[in-house]
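Peer 1: Following this message is one structure expressed as structure tokens.
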Amino acid sequence: MLLAILSGFLIAICLLFLGKQLKGNLPLAVSILPITLFVYFCTFLPGIGEGQTFFQHIPWIPSMGIHLDFKLDGLSLLFSLLITGIGSLVFLYSSSYLKGHIYIGRFYGYLCVFMASMLGVVLSDNLLVLFVFWELTAISSFFLIGFNNDNEASRKSSLLAWAITGGGGFFLMAGFILIGNVSGTYSLQEMLSSSELLKSHFLYAIMLFLIFAGAFTKSAQFPFHFWLPGAMKAPTPVSAYLHSATMVKAGIYLIARFTPILGNHPYWNNTLLIVGGITMVYGAFHSIFRIDLKGILAYSTISALGILVFLLGIGTHDALLAASVFILVHAFYKAGLFLIAGVIDHETGTRDVSQLAGLRKVMAPLAIAGGLAALSSAGIPLTLSFVSKDLIYEATLNSGNSALLFTLIAILTNIFLSYSGYLAGIKPFVGSLPAKFSEVHLPSGFMWLPPLFLGLGGLLFGLFPSLLDSSLIQPVIHAMGANDTVVSLKLWHGFNTVLMLSALTIVCGIILYLILKPSLKRLNAIGKLDSFSPQTIFMSLAKGTKFIALRYTKFMHNGFLRSYLTKIIFFLVCLIGYYLIRNVDIQLYTDKHTAISMYEAIVFSIMIVAIFTIVFSPSRFVAIISLSVMGYCMCLFFVYYGAPDLAMTQFTIDTLTTVLFVLVLLKLPPYLRIKDKAAQVRDGFLAGAFGILISVIALQVLNEPTNKNISRFYADNAYLLGKGKNVVNVILVDFRGYDTLVEITVLTIAAIGVYSMLKIQSSEIE
Amino acid sequence: MELLFVVLIGVLYGTGIYLMLRRSMVKLLVGLLLLGNGANLLIFLLGDLVKGNPPVISPDSSVFTAVYADPIPQSLILTAIVISFGLQSFAIILLKKVYLATGSDNLDDLNTHDLDI
């Protein structure tokens, strides 16, 4: 399984190098990958049907409990087959759709990465590994939406999609870590046994919030749905693949996967019911106002995802069964409709359904595919979708207290959805052919065969649903925790309420189609609601964040040294000052202090005067001279307190510095004097506070006895080991000789710097 | 005497910071020097003050017989003084060159902002 996942990444890397050689043959050569993987996953069908589960364990970071654990059960297999199956069709389709595109190699690279990461998501058993793949799908989706990177709207949409799904990813990671910590394992398989522990934990609601935030953003649930219509800026095969059949279902997969672990709790069920319910009605309602083919499909996809969340929210075995079948059905007809929309767009140059008509005359096979997909979407008998719709109604009818309400909104959603299905699958092909489309012809088989294939597939499984029940669907719902259910799918259930409801849906959909014609006017009418939509709110939030970030940067990172310094010192004073006041008992012991003699007091006074002259003198010359006075005072202190070496060094260096200063700086422009009383007072206050802080700290440190061990070692051994009697010198040139060597090197570098700067002619600087 | 030193250290740190907050480049450098001296003095103080007894072993002995000033702060400060001289000489020449290029002692004249670019 590891190889199956990694092969996509490997091929994507190979494309980097081989892309040039393969040229025109590249798409077909790469398409071998998903087809091979599809066949590979098909070989698991018999085993899975018998109830087996396949594991692969590869240690990765054992110390943190992160392993490359892969598990293939019914749920994973269903998604793997969708990913590779739809993937095969999309790979083939794109070879014609993007024929001759200059970045076709890049496109296939992204697709391979996406497919591999998506397989990683559905096969990983370790939560953290799952998260890595989860983010990789978002990254590849970002690149694919922005594939037409010369188009501004494309770039904006890809950023928006990235912001929403990536933001959700953060929550998801937090949720995974929380769950991992509470249950003590990151393995989904092992977590199954700590389900009760997790559900009774006091952080259960937080876990749900975090997991749902990740799943709902990925699966475009209200109020995060708006990135999905924007994502339609991607090339159509991408929309079919990522934004309808697979990636957006990753959130559904996650919820399904967690159903046996976190599910069956009022919080869980109610959240899913509310969010899914709102999303399915909202998306379906919006879809009937669109006139762009892909817009219609985007909103109906949102609605379908809402239905799935809603069904998982009901959580009964019936509902889980309905959800698993609907995942399959939706992939069949929605991917088909997308691919058809792509062909129409490719050949006629428009996706406006109010203009499209009569195309059956020029694209007969596509019209059949469109008809099949539309019928499938409406749930006409004989299609698999009919079976699925029955199951949905059965699930809502048997859902207990709110059965009536649930059934009503399900019917409403399905009516709208069948209307939008007709609009996308039938409307472009019926009626009379406008003159401008008379030159339109059928594209290469790679483009019209895949949707036809999907349509026929829906029909085949509709006629023989028993092909699916025990082999695929039963293991799926077993993986969701319904262990003892035996699934038997039937096309015909006899005359009952469910059939009545199905018929009602179909009839209402047709009536709606006959009376409601797509028009720009209605699109504009619904556009007026945009100012209240979650997208507008999100965008203004994003704007606000940007604004705050700009202000923050301007304040904290404005490029002025003094402003950085002010902030650093300010926080230092506040933090340390607060700590000193709160936690340190400030005391002063003067008994151990040495006495102050007369000459010391005099030197001290001179030094203080010199320092303040430096600060306040209007003349640079005076300031520099005062600086040297201060230095000499330091020398005197060193002399008094037993440091002749220091005194000598300080004296030499101070003299040199003063000479250098005077020589070089006398020719500078007038001393900069800026009269800004407020700033001076503010800085003076801050600097004073800092000085006092340092003094207080120094006083407190003095109360502690000094540790003399190291000094004693040097003093004892200076003569014995170093053969020198001046301990300071012995330390510098003997005990710490290497330090001194490095110091000399530093000085040399500084000297080279000075020398080379002097060499630069001022004309060169200009 | 420790009290005087403590006051001196506070004054050196305070004035150093104050000068570094000015806009003049020369003041920035002088502020840095004051701060450095303050740090030296702080290290010196924390090694305990010992009056008139340098850490030099008397000629007729191989070990100390009387109290002696702590040699470690002294060697640290010695290093610091020498290094700071490297910094000073480099900075002074740099200032000179900057002045020749910009004709100003004002730090703000050197600033470029992302917004300006």
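In the structure tokens, the first chain shown is A, the next is B, and so on; residue numbers restart at 1 for each chain, and ligands run from 1 in the order shown.
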Hey, list the chain B side of the contact with chain A: 7 Å cut-off, only C-alpha atoms, answer as a ChimeraX atom specification.

Peer 2: /B:1-2,6-7,9-11,13-15,17-21,24,46,49-57,62-63,69-72,74-75,78,81,83,85-86,90,92-93,96,99-101,104-106,111,113

Peer 1: So that I can see what lies close to Leu34 of chain B, please list as a PyMOL selection string the residues with an atom at most 7 Å from it, counting only C-alpha atoms and leaving out residues fewer than 4 positions away in the same chain.

Peer 2: chain B and resi 12-13+16+30+38

Peer 1: Might you pull out every residue within 7 Å of Trp227 of chain A, with only C-alpha atoms counted and same-chain residues fewer than 3 positions away left off, and present them as a VMD selection string?

Peer 2: chain A and resid 160 to 161 230 to 231

Peer 1: Name the residues of segment 514-717 of chain A that fall into helix (DSSP H, G or I) according to DSSP on the backbone, using the chain letters and numbers of this document, as a PyMOL selection string.

Peer 2: chain A and resi 514-515+520-532+534-556+561-583+598-616+620-640+644-665+677-703+709-717

Peer 1: Could you tell me how far atom CA of Pro34 of chain A sits from atom CA of Phe91 of chain A, in Å to one decimal place?

Peer 2: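 One can read the atom CA of Phe91 of chain A to atom CA of Pro34 of chain A distance as 7.9 Å.
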
Peer 1: Which one is closest to Leu45 of chain B: B:Val26, B:Gln88, B:Asp108, B:Pro73? Count only C-alpha atoms.

Peer 2: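 Using only C-alpha atoms, Leu45 of chain B sits closest to B:Pro73.
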
Peer 1: Considering only C-alpha atoms, return as number ranges by chain whatever protein or nucleic-acid residues lie within 9 Å of segment 284-296 of chain A, sequence-local ones (same chain, fewer than 6 positions apart) excluded.

Peer 2: A: 229-230, 232, 236, 239, 302-304, 338, 341-342, 345, 350-354, 412-417, 419-421, 423-424, 516, 518-520, 522-526

Peer 1: Would you save the residues of that selection, restricted to C-alpha atoms, as a PDB file, in the first residue's frame?

Peer 2:
ATOM      1  CA  PRO A 229     -17.829  27.942  -6.266  1.00  0.00           C
ATOM      2  CA  GLY A 230     -14.621  29.974  -6.482  1.00  0.00           C
ATOM      3  CA  MET A 232     -14.463  26.317 -10.230  1.00  0.00           C
ATOM      4  CA  THR A 236     -12.938  21.520 -15.524  1.00  0.00           C
ATOM      5  CA  SER A 239     -13.318  20.501 -10.678  1.00  0.00           C
ATOM      6  CA  ILE A 302     -22.302  21.708  -1.868  1.00  0.00           C
ATOM      7  CA  SER A 303     -25.842  20.507  -1.380  1.00  0.00           C
ATOM      8  CA  ALA A 304     -24.861  16.880  -1.964  1.00  0.00           C
ATOM      9  CA  PHE A 338     -18.685  18.189 -14.800  1.00  0.00           C
ATOM     10  CA  ALA A 341     -19.763  20.815 -18.918  1.00  0.00           C
ATOM     11  CA  GLY A 342     -16.047  20.766 -19.743  1.00  0.00           C
ATOM     12  CA  ASP A 345     -17.179  24.806 -22.644  1.00  0.00           C
ATOM     13  CA  THR A 350     -19.556  29.289 -23.278  1.00  0.00           C
ATOM     14  CA  ARG A 351     -20.997  27.764 -20.110  1.00  0.00           C
ATOM     15  CA  ASP A 352     -24.086  29.945 -20.001  1.00  0.00           C
ATOM     16  CA  VAL A 353     -27.078  27.573 -19.866  1.00  0.00           C
ATOM     17  CA  SER A 354     -29.476  30.290 -20.982  1.00  0.00           C
ATOM     18  CA  LEU A 412     -37.106  19.888  -0.940  1.00  0.00           C
ATOM     19  CA  THR A 413     -33.382  19.481  -1.512  1.00  0.00           C
ATOM     20  CA  ASN A 414     -33.880  16.635  -3.927  1.00  0.00           C
ATOM     21  CA  ILE A 415     -36.416  18.590  -5.961  1.00  0.00           C
ATOM     22  CA  PHE A 416     -33.988  21.473  -6.360  1.00  0.00           C
ATOM     23  CA  LEU A 417     -31.155  19.085  -7.101  1.00  0.00           C
ATOM     24  CA  TYR A 419     -33.931  20.623 -11.333  1.00  0.00           C
ATOM     25  CA  SER A 420     -30.272  21.634 -11.451  1.00  0.00           C
ATOM     26  CA  GLY A 421     -29.401  18.187 -12.801  1.00  0.00           C
ATOM     27  CA  LEU A 423     -30.417  22.129 -16.246  1.00  0.00           C
ATOM     28  CA  ALA A 424     -26.847  20.893 -16.504  1.00  0.00           C
ATOM     29  CA  LEU A 516     -38.437  27.950 -14.463  1.00  0.00           C
ATOM     30  CA  PRO A 518     -32.565  30.108 -16.328  1.00  0.00           C
ATOM     31  CA  SER A 519     -32.055  33.828 -16.676  1.00  0.00           C
ATOM     32  CA  LEU A 520     -29.595  36.486 -15.759  1.00  0.00           C
ATOM     33  CA  ARG A 522     -32.750  35.849 -11.294  1.00  0.00           C
ATOM     34  CA  LEU A 523     -29.016  35.521 -10.873  1.00  0.00           C
ATOM     35  CA  ASN A 524     -28.852  39.236 -10.214  1.00  0.00           C
ATOM     36  CA  ALA A 525     -31.797  39.020  -7.851  1.00  0.00           C
ATOM     37  CA  ILE A 526     -30.046  36.478  -5.658  1.00  0.00           C
TER      38      ILE A 526
END

Peer 1: Just give me the gap between atom CA of Lys427 of chain A and atom CA of Leu356 of chain A in Å, one decimal is fine.

Peer 2: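 According to the coordinates, atom CA of Lys427 of chain A and atom CA of Leu356 of chain A are separated by 7.3 Å.
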
Peer 1: Determine, counting only C-alpha atoms, which protein, DNA and RNA residues have an atom within 12 Å of an atom of Ala373 of chain A; residues of the same chain fewer than 5 positions away are not included. Present the result as a count of residues only.

Peer 2: 40

Peer 1: Got a sec: who's within 8 Å of segment 469-481 of chain A, counting only C-alpha atoms, leaving out chain neighbours fewer than 4 positions off, as a list in words?

Peer 2: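 Listed by chain and then number, they are Leu45, Pro46, Ile48, Gly49, Glu50, Gly51, Asp73, Gly74, Leu75, Ser76, Leu77, Leu78, Ala256, Arg257, Phe258, Thr259, Pro260, His317, Leu320, Leu321, Ser324, Val325, Pro465, Thr485, Val486, Val487, Ser488 and Leu489 of chain A.
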
Peer 1: Just want the 10 Å neighbourhood of Asp390 of chain A, counted on only C-alpha atoms, with same-chain residues fewer than 5 positions away dropped. Output as a ChimeraX atom specification.

Peer 2: /A:322,379,385,395,490-493,497-502

Peer 1: Compare A:Gln587, A:Met118, A:Phe437, A:Ala542 by their minimum atom-to-atom distance to Ile344 of chain A, counting only C-alpha atoms, and give me the closest one.

Peer 2: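 Closest candidate: A:Phe437.
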
Peer 1: Per DSSP on the backbone, what are the strand (DSSP E) residues of segment 25-66 of chain A, as a CSV table (one decimal) with C-alpha atoms, in the first residue's frame?

Peer 2:
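Dumped everything to out21.csv:
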chain,number,residue,atom,x,y,z
A,54,PHE,CA,-5.5,-5.3,5.4
A,55,PHE,CA,-2.8,-3.7,7.4
A,56,GLN,CA,0.7,-2.4,6.7
A,57,HIS,CA,2.9,-1.2,9.5
A,58,ILE,CA,6.2,0.7,8.9
A,59,PRO,CA,7.8,2.5,11.9
A,60,TRP,CA,8.6,6.1,11.2
A,61,ILE,CA,9.0,8.1,14.4
A,66,ILE,CA,4.0,8.1,14.6

Peer 1: Could you work out how far atom CA of Val309 of chain A lies from atom CA of Phe538 of chain A, giving the answer in Å with one decimal?

Peer 2: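 Separation between atom CA of Phe538 of chain A and atom CA of Val309 of chain A: 22.5 Å.
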